[in-house]
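> File query36.txt follows (compact mmCIF, C-alpha atoms):
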```
# COMPACT_ATOMS: atom_id res chain seq x y z
CA GLN A 1 -0.90 -17.80 -12.09
CA SER A 2 -0.78 -19.99 -8.96
CA ALA A 3 -1.97 -18.85 -5.56
CA LEU A 4 0.65 -17.52 -3.18
CA THR A 5 1.62 -19.96 -0.42
CA GLN A 6 0.77 -19.11 3.17
CA PRO A 7 0.85 -21.35 6.27
CA ARG A 8 -2.63 -22.50 7.15
CA SER A 9 -2.26 -21.38 10.75
CA VAL A 10 0.03 -19.63 13.20
CA SER A 11 -0.43 -19.06 16.91
CA GLY A 12 1.00 -17.06 19.75
CA SER A 13 0.28 -15.93 23.29
CA PRO A 14 -0.93 -12.42 24.07
CA GLY A 15 1.94 -9.97 23.86
CA GLN A 16 4.07 -12.23 21.69
CA SER A 17 4.90 -11.74 18.01
CA VAL A 18 3.78 -13.92 15.13
CA THR A 19 4.95 -13.83 11.53
CA ILE A 20 2.98 -15.02 8.51
CA SER A 21 4.91 -15.86 5.36
CA CYS A 22 3.68 -15.47 1.80
CA ALA A 23 5.70 -17.29 -0.83
CA GLY A 24 5.40 -16.42 -4.50
CA THR A 25 7.59 -16.29 -7.57
CA SER A 26 9.69 -13.79 -9.48
CA SER A 27 6.57 -13.07 -11.55
CA ASP A 28 4.60 -11.73 -8.61
CA VAL A 29 6.01 -11.20 -5.09
CA GLY A 30 9.62 -11.09 -6.24
CA GLY A 31 8.96 -8.95 -9.27
CA TYR A 32 7.08 -6.04 -7.71
CA ASN A 33 7.02 -4.13 -4.43
CA TYR A 34 3.23 -4.33 -4.47
CA VAL A 35 2.38 -6.84 -1.77
CA SER A 36 -0.65 -6.09 0.38
CA TRP A 37 -2.13 -7.84 3.39
CA TYR A 38 -5.77 -8.15 4.42
CA GLN A 39 -7.45 -9.06 7.70
CA GLN A 40 -10.79 -10.82 7.44
CA HIS A 41 -13.15 -11.52 10.31
CA PRO A 42 -15.82 -14.20 9.77
CA GLY A 43 -18.65 -13.02 7.58
CA LYS A 44 -16.96 -9.70 6.84
CA ALA A 45 -15.18 -8.18 3.88
CA PRO A 46 -11.37 -8.13 3.94
CA LYS A 47 -9.73 -5.06 5.46
CA LEU A 48 -6.48 -3.59 4.10
CA MET A 49 -3.71 -3.78 6.73
CA ILE A 50 -0.47 -3.34 4.74
CA TYR A 51 0.24 -2.12 1.20
CA ASP A 52 3.35 -1.65 -0.93
CA VAL A 53 5.05 -4.34 1.22
CA THR A 54 5.64 -2.14 4.27
CA LYS A 55 3.13 0.74 4.40
CA ARG A 56 0.23 0.95 6.86
CA PRO A 57 -3.04 2.71 6.02
CA SER A 58 -4.25 5.32 8.45
CA GLY A 59 -5.90 3.71 11.46
CA VAL A 60 -4.03 0.40 11.34
CA PRO A 61 -2.07 -0.16 14.57
CA ASP A 62 1.72 -0.03 14.28
CA ARG A 63 1.79 -3.55 15.74
CA PHE A 64 1.29 -4.68 12.17
CA SER A 65 4.34 -4.56 9.91
CA GLY A 66 5.34 -5.98 6.55
CA SER A 67 8.55 -6.99 4.84
CA LYS A 68 9.84 -8.85 1.80
CA SER A 69 12.90 -10.86 0.90
CA GLY A 70 13.22 -12.26 -2.58
CA ASN A 71 10.03 -14.09 -3.54
CA THR A 72 8.64 -14.22 0.02
CA ALA A 73 6.75 -11.50 1.85
CA SER A 74 5.91 -11.52 5.55
CA LEU A 75 3.41 -9.94 7.91
CA THR A 76 4.42 -9.59 11.55
CA ILE A 77 1.99 -8.88 14.35
CA SER A 78 3.82 -7.65 17.44
CA GLY A 79 2.25 -7.48 20.88
CA LEU A 80 -0.45 -9.95 19.84
CA GLN A 81 -3.93 -9.11 21.11
CA ALA A 82 -7.11 -11.19 21.36
CA GLU A 83 -8.75 -9.05 18.67
CA ASP A 84 -6.03 -10.10 16.19
CA GLU A 85 -7.38 -13.66 16.12
CA THR A 86 -8.79 -14.10 12.63
CA ASP A 87 -7.78 -14.81 9.02
CA TYR A 88 -5.09 -12.97 7.05
CA TYR A 89 -4.47 -12.95 3.30
CA CYS A 90 -1.55 -11.70 1.24
CA CYS A 91 -1.93 -10.38 -2.27
CA SER A 92 0.60 -9.47 -4.94
CA TYR A 93 0.44 -7.61 -8.21
CA ALA A 94 1.32 -10.10 -10.93
CA GLY A 95 1.79 -7.80 -13.89
CA ARG A 96 -0.50 -6.90 -16.81
CA TYR A 97 -3.12 -5.50 -14.42
CA THR A 98 -3.65 -8.88 -12.69
CA TRP A 99 -3.42 -10.04 -9.07
CA VAL A 100 -2.81 -13.19 -7.10
CA PHE A 101 -3.88 -13.91 -3.53
CA GLY A 102 -2.55 -16.29 -0.91
CA GLY A 103 -4.61 -19.13 0.51
CA GLY A 104 -4.99 -17.45 3.88
CA THR A 105 -3.62 -17.96 7.39
CA LYS A 106 -5.62 -18.32 10.57
CA VAL A 107 -4.02 -16.55 13.52
CA THR A 108 -4.87 -18.03 16.91
CA VAL A 109 -4.22 -16.20 20.15
CA LEU A 110 -3.51 -18.83 22.81
CA GLN T 1 -17.11 8.20 1.66
CA LEU T 2 -16.87 5.56 -1.03
CA GLN T 3 -19.28 2.68 -0.64
CA MET T 4 -19.85 -0.39 -2.78
CA GLU T 5 -22.73 -2.85 -2.79
CA GLU T 6 -23.22 -6.09 -4.70
CA SER T 7 -26.63 -7.24 -5.88
CA GLY T 8 -28.00 -10.17 -7.85
CA PRO T 9 -29.52 -13.64 -7.57
CA GLY T 10 -28.28 -15.78 -4.72
CA LEU T 11 -29.04 -19.06 -6.48
CA VAL T 12 -27.99 -20.08 -9.98
CA LYS T 13 -28.50 -23.43 -11.71
CA PRO T 14 -25.56 -25.42 -13.05
CA SER T 15 -24.61 -24.56 -16.67
CA GLU T 16 -26.39 -21.20 -16.43
CA THR T 17 -24.89 -17.71 -16.16
CA LEU T 18 -24.17 -15.94 -12.88
CA SER T 19 -24.85 -12.18 -12.98
CA LEU T 20 -23.97 -9.64 -10.31
CA THR T 21 -23.93 -5.85 -10.24
CA CYS T 22 -21.87 -3.56 -8.05
CA THR T 23 -23.27 -0.11 -7.30
CA VAL T 24 -20.68 2.48 -6.33
CA SER T 25 -21.59 5.56 -4.29
CA GLY T 26 -19.51 8.47 -3.05
CA VAL T 27 -17.37 8.72 -6.18
CA SER T 28 -17.99 8.74 -9.89
CA ILE T 29 -16.57 5.69 -11.67
CA SER T 30 -16.04 7.74 -14.83
CA SER T 31 -14.05 10.50 -13.13
CA SER T 32 -11.75 8.38 -11.00
CA SER T 33 -8.43 6.91 -12.06
CA TYR T 34 -9.19 3.42 -10.81
CA TYR T 35 -10.04 0.04 -12.14
CA TRP T 36 -13.05 -1.68 -10.53
CA GLY T 37 -12.80 -5.37 -9.78
CA TRP T 38 -14.44 -8.61 -8.74
CA ILE T 39 -12.98 -11.03 -6.20
CA ARG T 40 -14.57 -14.24 -4.94
CA GLN T 41 -14.19 -16.55 -1.96
CA PRO T 42 -15.57 -20.11 -1.93
CA PRO T 43 -16.92 -21.17 1.48
CA GLY T 44 -14.05 -21.82 3.87
CA LYS T 45 -11.43 -21.03 1.22
CA GLY T 46 -9.18 -18.19 0.10
CA LEU T 47 -9.68 -15.14 -2.06
CA GLU T 48 -9.47 -15.27 -5.86
CA TRP T 49 -9.20 -12.25 -8.13
CA ILE T 50 -11.57 -12.60 -11.09
CA GLY T 51 -11.05 -9.46 -13.17
CA SER T 52 -11.41 -5.71 -13.42
CA ILE T 53 -12.67 -2.90 -15.65
CA TYR T 54 -11.86 0.77 -16.28
CA TYR T 55 -14.60 3.30 -16.98
CA SER T 56 -13.52 3.30 -20.62
CA GLY T 57 -14.43 -0.39 -20.85
CA THR T 58 -10.89 -1.80 -20.78
CA THR T 59 -10.94 -5.14 -19.01
CA TYR T 60 -8.47 -7.61 -17.55
CA TYR T 61 -9.35 -11.13 -16.44
CA LYS T 62 -7.72 -13.98 -14.56
CA PRO T 63 -6.41 -16.21 -17.37
CA SER T 64 -8.02 -19.41 -16.09
CA LEU T 65 -11.46 -17.75 -15.98
CA LYS T 66 -11.16 -15.58 -19.07
CA SER T 67 -13.23 -17.82 -21.34
CA ARG T 68 -16.26 -17.61 -19.01
CA VAL T 69 -16.06 -14.08 -17.57
CA THR T 70 -17.42 -10.79 -18.84
CA ILE T 71 -17.18 -7.57 -16.84
CA SER T 72 -19.02 -4.50 -18.08
CA VAL T 73 -19.57 -0.95 -16.85
CA ASP T 74 -22.54 1.43 -16.90
CA THR T 75 -21.19 4.87 -16.02
CA SER T 76 -24.66 6.45 -16.19
CA LYS T 77 -25.71 4.30 -13.23
CA ASN T 78 -22.26 4.28 -11.60
CA GLN T 79 -22.30 0.49 -11.73
CA PHE T 80 -20.20 -2.34 -13.05
CA SER T 81 -21.28 -5.93 -13.56
CA LEU T 82 -19.98 -9.49 -13.63
CA ARG T 83 -21.23 -12.32 -15.79
CA LEU T 84 -19.82 -15.82 -15.34
CA SER T 85 -21.11 -18.41 -17.77
CA SER T 86 -21.43 -22.20 -17.60
CA VAL T 87 -21.28 -22.25 -13.83
CA THR T 88 -20.71 -25.37 -11.74
CA ALA T 89 -20.76 -26.06 -8.02
CA ALA T 90 -17.12 -24.93 -7.92
CA ASP T 91 -18.32 -21.39 -8.64
CA THR T 92 -20.29 -21.27 -5.39
CA ALA T 93 -18.71 -18.41 -3.46
CA VAL T 94 -19.10 -15.04 -1.83
CA TYR T 95 -18.49 -12.52 -4.60
CA TYR T 96 -16.98 -9.18 -3.64
CA CYS T 97 -16.66 -6.05 -5.71
CA ALA T 98 -13.70 -3.85 -4.85
CA ARG T 99 -11.85 -0.77 -6.01
CA ASP T 100 -8.97 -2.19 -7.99
CA LEU T 101 -5.72 -0.75 -9.37
CA GLY T 102 -5.25 3.00 -9.18
CA VAL T 103 -3.60 4.32 -12.33
CA ALA T 104 -2.84 7.87 -11.31
CA ALA T 105 0.81 8.96 -11.37
CA SER T 106 1.72 7.42 -8.02
CA GLY T 107 -0.19 4.19 -8.64
CA GLU T 108 -2.26 2.41 -5.99
CA TYR T 109 -1.65 -1.31 -5.98
CA TYR T 110 -4.09 -2.52 -3.36
CA PHE T 111 -7.78 -3.04 -2.60
CA GLU T 112 -8.86 -0.40 -0.10
CA TYR T 113 -12.64 -0.44 -0.61
CA TRP T 114 -14.80 -3.56 -0.74
CA GLY T 115 -18.49 -4.33 -0.89
CA GLN T 116 -20.01 -6.47 1.85
CA GLY T 117 -20.08 -9.52 -0.43
CA ALA T 118 -22.86 -11.52 -2.06
CA LEU T 119 -23.20 -15.27 -1.62
CA VAL T 120 -24.02 -17.06 -4.85
CA THR T 121 -24.86 -20.75 -4.66
CA VAL T 122 -24.79 -22.94 -7.75
CA SER T 123 -27.32 -25.71 -7.33
CA SER T 124 -30.21 -27.30 -9.16
```
Would you put the structure from the file into structure tokens?

Amino acid sequence: QSALTQPRSVSGSPGQSVTISCAGTSSDVGGYNYVSWYQQHPGKAPKLMIYDVTKRPSGVPDRFSGSKSGNTASLTISGLQAEDETDYYCCSYAGRYTWVFGGGTKVTVL
Amino acid sequence: QLQMEESGPGLVKPSETLSLTCTVSGVSISSSSYYWGWIRQPPGKGLEWIGSIYYSGTTYYKPSLKSRVTISVDTSKNQFSLRLSSVTAADTAVYYCARDLGVAASGEYYFEYWGQGALVTVSS
């Protein structure tokens, strides 16, 4: 069970779009449509932003969207805003009631 | 509204056992169709799933930690607990409790509710 691979950082100007990738294997990301994404501000608990690859919980802006192709999932933030600058983590179900997280990506708004 | 709160010592000596408890309010652990889990985050690093428990006592652990981890549940207090033995500095982290896998018919494969986190430092 290795951690999912995310870029350490991505950046974009206000109003632009950024995409964060999350690479796994056929045993996790590729094997299940159970990828979730979490936003974490410093000193705070993670907040669920996307679940089941593409679904948004109530209250999450529609600027946030998710997708998956093969063993790689992606989170796209459209219309980037200053408040989006923080850390993001992907997570995938890995079978047998276990989970694996990504290493995290810092989003910087230029 | 479901709330979760971690409690326990913030400092543990190397080779000793780390113990944390998560108190759940707003829902009964024993009447919900969810597993209850522990996740940790070393300072400046990513999240790591440790393990989870169902109210019946069924547990699942991350394979690489399985030999050192015990998760237990006390339904009378609506709490579940983590014990991690033989700790080293590498176990220094913020430990979160979270509502884990939902096993109702539709299934809920995400972590919607989290505690605020408890920093545990391993040091002599």
> Calculate how many Å separate CA of Leu84 in chain T from CA of Trp38 in chain T, rounding to one decimal.
11.2 Å
> Output as a ChimeraX atom specification the set of chain A residues within 10 Å of chain T, with distances taken over all atoms listed in the file.
/A:1,3,33-38,42-52,57,87-93,96-105
> Just to confirm, what's the straight-line distance from CA of Val103 in chain T to CA of Ser25 in chain T in Å (one decimal)?
19.7 Å
> Report the distance between CA of Gly79 in chain A and CA of Pro7 in chain A in Å, rounded to one decimal place.
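Computing the Euclidean distance for CA of Gly79 in chain A and CA of Pro7 in chain A yields 20.2 Å.
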> Give me the residues near Ile20 in chain A as a list in words, where near means some atom within 7 Å (using all atoms listed in the file) and where sequence neighbours in that chain fewer than 4 positions away do not count.
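Everything that qualifies: Ser74, Leu75 and Thr76 of chain A.
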